[in-house]
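Chemist: The structure that follows is given in the form of C-alpha cells.
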Amino acid sequence: MTEIKRRGLIIIHTGEGKGKTTAAMGIALRAAGHKFKILMMQFIKGTWHYGELDAVKQLYPNFEIVPLGKGFITLGDKMPDPKDIQIVEQGWNYCKERIISGKYDIIILDEINYVIYYKLLPLEKVLNVLKKKPESLHLILTGRSAHPKIIEIADLVTEMKEIKHPFNKGVKAQKGIEF
Ligand code: ATP
Ligand code: MG
C-alpha cells in the first residue's frame, strides 16, 4: 500500500463533558503503535497522581508527558495571578520550541484552551505558532471554552457534551477513570 502524504491536523477537544484529555491520550496510544513520536504538555495538573504518568514511561521515548503547571491555578472572577501568568508563559515558550523543532509527530497541549480563556496566555501568541507549525505535525488542543478563533483555524473539532456525570450525585473521582 502506498503511504499517503501526511497532512498535520489541528484538533480540538472542548466542551463541558468528560473525555477531552483522555480522548487525546487515546489518539496518542494509537499513534504510539505506529512508532510516532508524541509529546503531551500539561498546562494544568490536578491534585491526583495520574495513572498515565506511569503508564507512558513504558512507551518512552515514543510518548512523553511533561507537566508544566504547578497544580490548581486559582481562577474565578479575580484577575489572573501574575505568578501563574509567568508559569504559563515559561511553559508556552517551551511548547513553542518543541512545536517548531519538527521532532514530533503529535503534540498535545492539554488544557491550553482553559489557560487562554482565563487570559493566562495571550490568544495571539498561540495563533501565531499554530499558523507556522510544521506541516506534518498533528496538534491537539484540549480544554473547555476553546476560543472561536482557534476553532476557526482547526481541522477537527469535537465538543464533549455532558449527559450525566457521577460527580452530580456525589460520587467521588474513581481511580483509573479520573486519575
Ligand atoms: P478526562 O481527563 O477524564 O478526559 P476532561 O479532560 O474532559 O476529562 P477536564 O475539564 O480536564 O475534563 O476536567 C478534569 C476532571 O474533571 C476529570 O477528572 C473529569 O472527570 C472531571 N470532570 C469532567 N467533566 C466534569 C463534569 N461535567 N462534572 C464534574 N466533573 C467533571
Ligand atoms: Mg482535561
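Residues in the C-alpha cells are named by chain (A, B, ... in the order shown) and by number from 1 within that chain; ligands are numbered from 1 in the order shown.
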Could the residues of chain A that have an atom at most 9 Å from ligand 1 be listed as JSON lines, each with its closest atom pair and the distance in Å to one decimal, counting only C-alpha atoms and all ligand atoms and ordered by chain and ascending residue number?
Modeler:
{"residue": "A:His13", "atom": "CA", "partner": "ligand 1", "partner_atom_place_in_ligand_line": "7 (O)", "distance": 8.0}
{"residue": "A:Thr14", "atom": "CA", "partner": "ligand 1", "partner_atom_place_in_ligand_line": "7 (O)", "distance": 7.5}
{"residue": "A:Gly15", "atom": "CA", "partner": "ligand 1", "partner_atom_place_in_ligand_line": "7 (O)", "distance": 7.6}
{"residue": "A:Glu16", "atom": "CA", "partner": "ligand 1", "partner_atom_place_in_ligand_line": "27 (N)", "distance": 5.5}
{"residue": "A:Gly17", "atom": "CA", "partner": "ligand 1", "partner_atom_place_in_ligand_line": "24 (N)", "distance": 4.6}
{"residue": "A:Lys18", "atom": "CA", "partner": "ligand 1", "partner_atom_place_in_ligand_line": "7 (O)", "distance": 3.5}
{"residue": "A:Gly19", "atom": "CA", "partner": "ligand 1", "partner_atom_place_in_ligand_line": "4 (O)", "distance": 3.2}
{"residue": "A:Lys20", "atom": "CA", "partner": "ligand 1", "partner_atom_place_in_ligand_line": "7 (O)", "distance": 3.7}
{"residue": "A:Thr21", "atom": "CA", "partner": "ligand 1", "partner_atom_place_in_ligand_line": "6 (O)", "distance": 3.7}
{"residue": "A:Thr22", "atom": "CA", "partner": "ligand 1", "partner_atom_place_in_ligand_line": "4 (O)", "distance": 3.7}
{"residue": "A:Ala23", "atom": "CA", "partner": "ligand 1", "partner_atom_place_in_ligand_line": "4 (O)", "distance": 6.2}
{"residue": "A:Ala24", "atom": "CA", "partner": "ligand 1", "partner_atom_place_in_ligand_line": "4 (O)", "distance": 8.0}
{"residue": "A:Met25", "atom": "CA", "partner": "ligand 1", "partner_atom_place_in_ligand_line": "4 (O)", "distance": 8.5}
{"residue": "A:Ile44", "atom": "CA", "partner": "ligand 1", "partner_atom_place_in_ligand_line": "11 (O)", "distance": 8.5}
{"residue": "A:Lys45", "atom": "CA", "partner": "ligand 1", "partner_atom_place_in_ligand_line": "11 (O)", "distance": 8.9}
{"residue": "A:Gly46", "atom": "CA", "partner": "ligand 1", "partner_atom_place_in_ligand_line": "14 (C)", "distance": 7.5}
{"residue": "A:Asp110", "atom": "CA", "partner": "ligand 1", "partner_atom_place_in_ligand_line": "6 (O)", "distance": 8.0}
{"residue": "A:Glu111", "atom": "CA", "partner": "ligand 1", "partner_atom_place_in_ligand_line": "11 (O)", "distance": 6.5}
{"residue": "A:Tyr114", "atom": "CA", "partner": "ligand 1", "partner_atom_place_in_ligand_line": "10 (O)", "distance": 8.5}
{"residue": "A:Thr142", "atom": "CA", "partner": "ligand 1", "partner_atom_place_in_ligand_line": "6 (O)", "distance": 7.0}
{"residue": "A:Gly143", "atom": "CA", "partner": "ligand 1", "partner_atom_place_in_ligand_line": "10 (O)", "distance": 5.8}
{"residue": "A:Arg144", "atom": "CA", "partner": "ligand 1", "partner_atom_place_in_ligand_line": "10 (O)", "distance": 6.0}
{"residue": "A:Met160", "atom": "CA", "partner": "ligand 1", "partner_atom_place_in_ligand_line": "7 (O)", "distance": 7.2}
{"residue": "A:Lys161", "atom": "CA", "partner": "ligand 1", "partner_atom_place_in_ligand_line": "27 (N)", "distance": 8.4}
{"residue": "A:Glu162", "atom": "CA", "partner": "ligand 1", "partner_atom_place_in_ligand_line": "27 (N)", "distance": 5.8}
{"residue": "A:Ile163", "atom": "CA", "partner": "ligand 1", "partner_atom_place_in_ligand_line": "27 (N)", "distance": 8.5}
{"residue": "A:Lys164", "atom": "CA", "partner": "ligand 1", "partner_atom_place_in_ligand_line": "27 (N)", "distance": 7.6}
{"residue": "A:His165", "atom": "CA", "partner": "ligand 1", "partner_atom_place_in_ligand_line": "28 (N)", "distance": 5.5}
{"residue": "A:Pro166", "atom": "CA", "partner": "ligand 1", "partner_atom_place_in_ligand_line": "29 (C)", "distance": 7.4}
{"residue": "A:Phe167", "atom": "CA", "partner": "ligand 1", "partner_atom_place_in_ligand_line": "29 (C)", "distance": 5.0}
{"residue": "A:Asn168", "atom": "CA", "partner": "ligand 1", "partner_atom_place_in_ligand_line": "28 (N)", "distance": 6.7}
{"residue": "A:Ala173", "atom": "CA", "partner": "ligand 1", "partner_atom_place_in_ligand_line": "18 (O)", "distance": 6.5}
{"residue": "A:Gln174", "atom": "CA", "partner": "ligand 1", "partner_atom_place_in_ligand_line": "18 (O)", "distance": 8.3}
{"residue": "A:Ile177", "atom": "CA", "partner": "ligand 1", "partner_atom_place_in_ligand_line": "3 (O)", "distance": 6.5}
{"residue": "A:Glu178", "atom": "CA", "partner": "ligand 1", "partner_atom_place_in_ligand_line": "18 (O)", "distance": 4.0}
{"residue": "A:Phe179", "atom": "CA", "partner": "ligand 1", "partner_atom_place_in_ligand_line": "18 (O)", "distance": 6.4}
Chemist: Do you know which residues are at most 12 Å from Lys175 (chain A) counting only C-alpha atoms, after dropping those on the same chain fewer than 3 positions away, and could you put them as a PyMOL selection string?
Modeler: chain A and resi 48-52+172+178-179
Chemist: Export, as a compact mmCIF listing (two decimals), in the first residue's frame, the selected residues with N, CA and C atoms.
Modeler:
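Contents of part.txt, freshly written:
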# COMPACT_ATOMS: atom_id res chain seq x y z
N TRP A 48 -4.39 14.93 41.93
CA TRP A 48 -4.13 13.49 41.99
C TRP A 48 -2.80 13.14 41.34
N HIS A 49 -2.36 11.89 41.61
CA HIS A 49 -1.26 11.34 40.81
C HIS A 49 -1.90 10.53 39.68
N TYR A 50 -1.76 11.03 38.48
CA TYR A 50 -2.42 10.44 37.33
C TYR A 50 -1.73 9.17 36.84
N GLY A 51 -2.53 8.13 36.60
CA GLY A 51 -2.01 6.84 36.14
C GLY A 51 -1.21 6.95 34.86
N GLU A 52 -1.62 7.86 33.98
CA GLU A 52 -0.93 7.97 32.69
C GLU A 52 0.53 8.36 32.82
N LYS A 172 -17.39 10.24 44.22
CA LYS A 172 -16.02 10.79 44.15
C LYS A 172 -15.28 10.27 42.92
N GLU A 178 -10.76 8.71 36.41
CA GLU A 178 -10.48 10.15 36.51
C GLU A 178 -9.00 10.47 36.75
N PHE A 179 -8.30 9.54 37.32
CA PHE A 179 -6.87 9.81 37.58
C PHE A 179 -6.07 8.53 37.50
Chemist: Identify which of the residues A:Leu141, A:Met79, A:Ile38, A:Ile87 lies closest to ligand 2, counting only C-alpha atoms and all ligand atoms when measuring atom-to-atom distances.
Modeler: A:Leu141
Chemist: If we count only C-alpha atoms, what is near Val115 (chain A) at a cut-off of 10 Å, once residues fewer than 2 positions away on the same chain are taken out, given as a list of chain:residue names?
Modeler: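 After dropping sequence-adjacent residues, the list is A:Phe43, A:Ile44, A:Ile73, A:Leu75, A:Pro80, A:Asp84, A:Ile85, A:Val88, A:Asp110, A:Glu111, A:Ile112, A:Asn113, A:Tyr117, A:Tyr118, A:Lys119, A:Leu120, A:Leu121, A:Pro122, A:Leu123, A:Gly143, A:Arg144, A:Ser145, A:Ala146.
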Chemist: Find the spatial neighbours of region 101-106 of chain A, counting only C-alpha atoms, within a cut-off of 8 Å - ignore same-chain residues fewer than 4 positions away - and output them as a PyMOL selection string.
Modeler: chain A and resi 28+36-39+97+134+136-140
Chemist: Restricting the output to C-alpha atoms, write the selected residues as a PDB file, in the first residue's frame.
Modeler:
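For reference, result-v6.pdb as written:
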ATOM      1  CA  ALA A  28      -1.550   9.088  21.355  1.00  0.00           C
ATOM      2  CA  PHE A  36       5.035   8.068  16.184  1.00  0.00           C
ATOM      3  CA  LYS A  37       6.851  10.445  18.491  1.00  0.00           C
ATOM      4  CA  ILE A  38       4.348  12.084  20.811  1.00  0.00           C
ATOM      5  CA  LEU A  39       4.657  14.792  23.411  1.00  0.00           C
ATOM      6  CA  GLU A  97      10.238  25.488  20.830  1.00  0.00           C
ATOM      7  CA  PRO A 134       5.479  22.073  10.770  1.00  0.00           C
ATOM      8  CA  SER A 136       3.244  17.153   9.110  1.00  0.00           C
ATOM      9  CA  LEU A 137       2.704  17.797  12.843  1.00  0.00           C
ATOM     10  CA  HIS A 138      -0.666  16.888  14.364  1.00  0.00           C
ATOM     11  CA  LEU A 139      -1.511  19.259  17.197  1.00  0.00           C
ATOM     12  CA  ILE A 140      -4.224  18.518  19.745  1.00  0.00           C
TER      13      ILE A 140
END
Chemist: I'd like to know which of A:Met40, A:Pro82, A:Trp92, A:Ile99 is closest to ligand 2, using only C-alpha atoms and all ligand atoms.
Modeler: A:Met40
Chemist: Between A:Asp81, A:Leu109, A:Arg98, A:Gln58, which is the closest to ligand 2 once you count only C-alpha atoms and all ligand atoms?
Modeler: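 Once distances to ligand 2 are computed over only C-alpha atoms and all ligand atoms, the minimum belongs to A:Leu109.
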Chemist: Counting only C-alpha atoms and all ligand atoms, figure out which residue out of A:Thr47, A:Ile153, A:Gln42, A:Thr2 gets nearest to ligand 2.
Modeler: A:Gln42
Chemist: Once DSSP has gone over the backbone, tell me which residues of chain A are in strand (DSSP E or B), as JSON, numbers by chain.
Modeler: {"A": [10, 11, 12, 13, 14, 15, 38, 39, 40, 41, 42, 63, 64, 65, 66, 67, 106, 107, 108, 109, 110, 138, 139, 140, 141, 142, 156, 157, 158, 159, 160]}
Chemist: Would you pick out the contacts of Ala154 (chain A) at 7 Å or less, using only C-alpha atoms, so that residues sharing its chain but fewer than 2 positions from it are not included, and give the list as a list in words?
Modeler: Ile10, Ile11, Ile12, Ile150, Ile151, Glu152, Leu156 and Val157 of chain A
Chemist: Please write the residues from the selection above to a file, keeping all heavy atoms, as an mmCIF file, in the first residue's frame.
Modeler:
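What landed in out_12.cif:
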data_model
loop_
_atom_site.group_PDB
_atom_site.id
_atom_site.type_symbol
_atom_site.label_atom_id
_atom_site.label_comp_id
_atom_site.auth_asym_id
_atom_site.auth_seq_id
_atom_site.Cartn_x
_atom_site.Cartn_y
_atom_site.Cartn_z
ATOM 1 N N ILE A 10 -4.907 20.197 13.015
ATOM 2 C CA ILE A 10 -5.120 20.896 14.285
ATOM 3 C C ILE A 10 -6.453 20.370 14.824
ATOM 4 O O ILE A 10 -7.493 20.495 14.169
ATOM 5 C CB ILE A 10 -5.133 22.423 14.112
ATOM 6 C CG1 ILE A 10 -3.745 22.906 13.650
ATOM 7 C CG2 ILE A 10 -5.540 23.123 15.432
ATOM 8 C CD1 ILE A 10 -3.640 24.394 13.387
ATOM 9 N N ILE A 11 -6.367 19.733 15.978
ATOM 10 C CA ILE A 11 -7.522 19.031 16.556
ATOM 11 C C ILE A 11 -7.890 19.684 17.883
ATOM 12 O O ILE A 11 -7.008 19.981 18.697
ATOM 13 C CB ILE A 11 -7.173 17.535 16.786
ATOM 14 C CG1 ILE A 11 -6.767 16.880 15.452
ATOM 15 C CG2 ILE A 11 -8.320 16.785 17.458
ATOM 16 C CD1 ILE A 11 -6.209 15.456 15.592
ATOM 17 N N ILE A 12 -9.171 19.894 18.101
ATOM 18 C CA ILE A 12 -9.614 20.484 19.378
ATOM 19 C C ILE A 12 -10.608 19.555 20.070
ATOM 20 O O ILE A 12 -11.561 19.086 19.439
ATOM 21 C CB ILE A 12 -10.288 21.853 19.145
ATOM 22 C CG1 ILE A 12 -9.295 22.831 18.498
ATOM 23 C CG2 ILE A 12 -10.820 22.439 20.451
ATOM 24 C CD1 ILE A 12 -9.875 24.192 18.220
ATOM 25 N N ILE A 150 -9.484 29.950 17.452
ATOM 26 C CA ILE A 150 -8.721 28.698 17.326
ATOM 27 C C ILE A 150 -9.596 27.660 16.635
ATOM 28 O O ILE A 150 -9.136 26.919 15.778
ATOM 29 C CB ILE A 150 -8.204 28.221 18.703
ATOM 30 C CG1 ILE A 150 -7.266 29.293 19.272
ATOM 31 C CG2 ILE A 150 -7.478 26.878 18.577
ATOM 32 C CD1 ILE A 150 -6.424 28.869 20.431
ATOM 33 N N ILE A 151 -10.879 27.648 16.989
ATOM 34 C CA ILE A 151 -11.815 26.731 16.325
ATOM 35 C C ILE A 151 -11.823 26.998 14.818
ATOM 36 O O ILE A 151 -11.839 26.078 14.009
ATOM 37 C CB ILE A 151 -13.232 26.875 16.942
ATOM 38 C CG1 ILE A 151 -13.210 26.303 18.376
ATOM 39 C CG2 ILE A 151 -14.294 26.197 16.079
ATOM 40 C CD1 ILE A 151 -14.518 26.387 19.135
ATOM 41 N N GLU A 152 -11.740 28.273 14.473
ATOM 42 C CA GLU A 152 -11.773 28.666 13.062
ATOM 43 C C GLU A 152 -10.613 28.062 12.267
ATOM 44 O O GLU A 152 -10.811 27.613 11.139
ATOM 45 C CB GLU A 152 -11.702 30.193 13.008
ATOM 46 C CG GLU A 152 -12.210 30.820 11.736
ATOM 47 C CD GLU A 152 -12.091 32.340 11.845
ATOM 48 O OE1 GLU A 152 -12.717 32.929 12.757
ATOM 49 O OE2 GLU A 152 -11.341 32.914 11.042
ATOM 50 N N LEU A 156 -10.287 19.724 12.961
ATOM 51 C CA LEU A 156 -11.147 18.710 13.590
ATOM 52 C C LEU A 156 -11.503 19.220 14.980
ATOM 53 O O LEU A 156 -10.615 19.444 15.805
ATOM 54 C CB LEU A 156 -10.361 17.389 13.656
ATOM 55 C CG LEU A 156 -10.897 16.196 14.424
ATOM 56 C CD1 LEU A 156 -12.306 15.833 13.992
ATOM 57 C CD2 LEU A 156 -9.994 14.996 14.216
ATOM 58 N N VAL A 157 -12.777 19.430 15.209
ATOM 59 C CA VAL A 157 -13.208 19.985 16.497
ATOM 60 C C VAL A 157 -14.310 19.097 17.071
ATOM 61 O O VAL A 157 -15.315 18.855 16.403
ATOM 62 C CB VAL A 157 -13.750 21.428 16.330
ATOM 63 C CG1 VAL A 157 -14.153 22.007 17.681
ATOM 64 C CG2 VAL A 157 -12.724 22.328 15.653
#
Chemist: Can you measure CA of Cys95 (chain A) to CA of Val129 (chain A) for me? One decimal in Å is fine.
Modeler: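 The value is 9.6 Å.
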Chemist: To one decimal place, how far is CA of Arg30 (chain A) from CA of Glu159 (chain A) in Å?
Modeler: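 Rounded to one decimal, the two atoms are 20.6 Å apart.
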Chemist: Which of region 63-177 of chain A end up as alpha helix (DSSP H) when DSSP is run on this backbone - answer as a PyMOL selection string?
Modeler: chain A and resi 82-101+112-117+123-131+148-153
Chemist: Kindly give the distance, in Å, that separates CA of Arg7 (chain A) and CA of Ile108 (chain A), rounded to a single decimal.
Modeler: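 CA of Ile108 (chain A) lies at a distance of 16.4 Å from CA of Arg7 (chain A).
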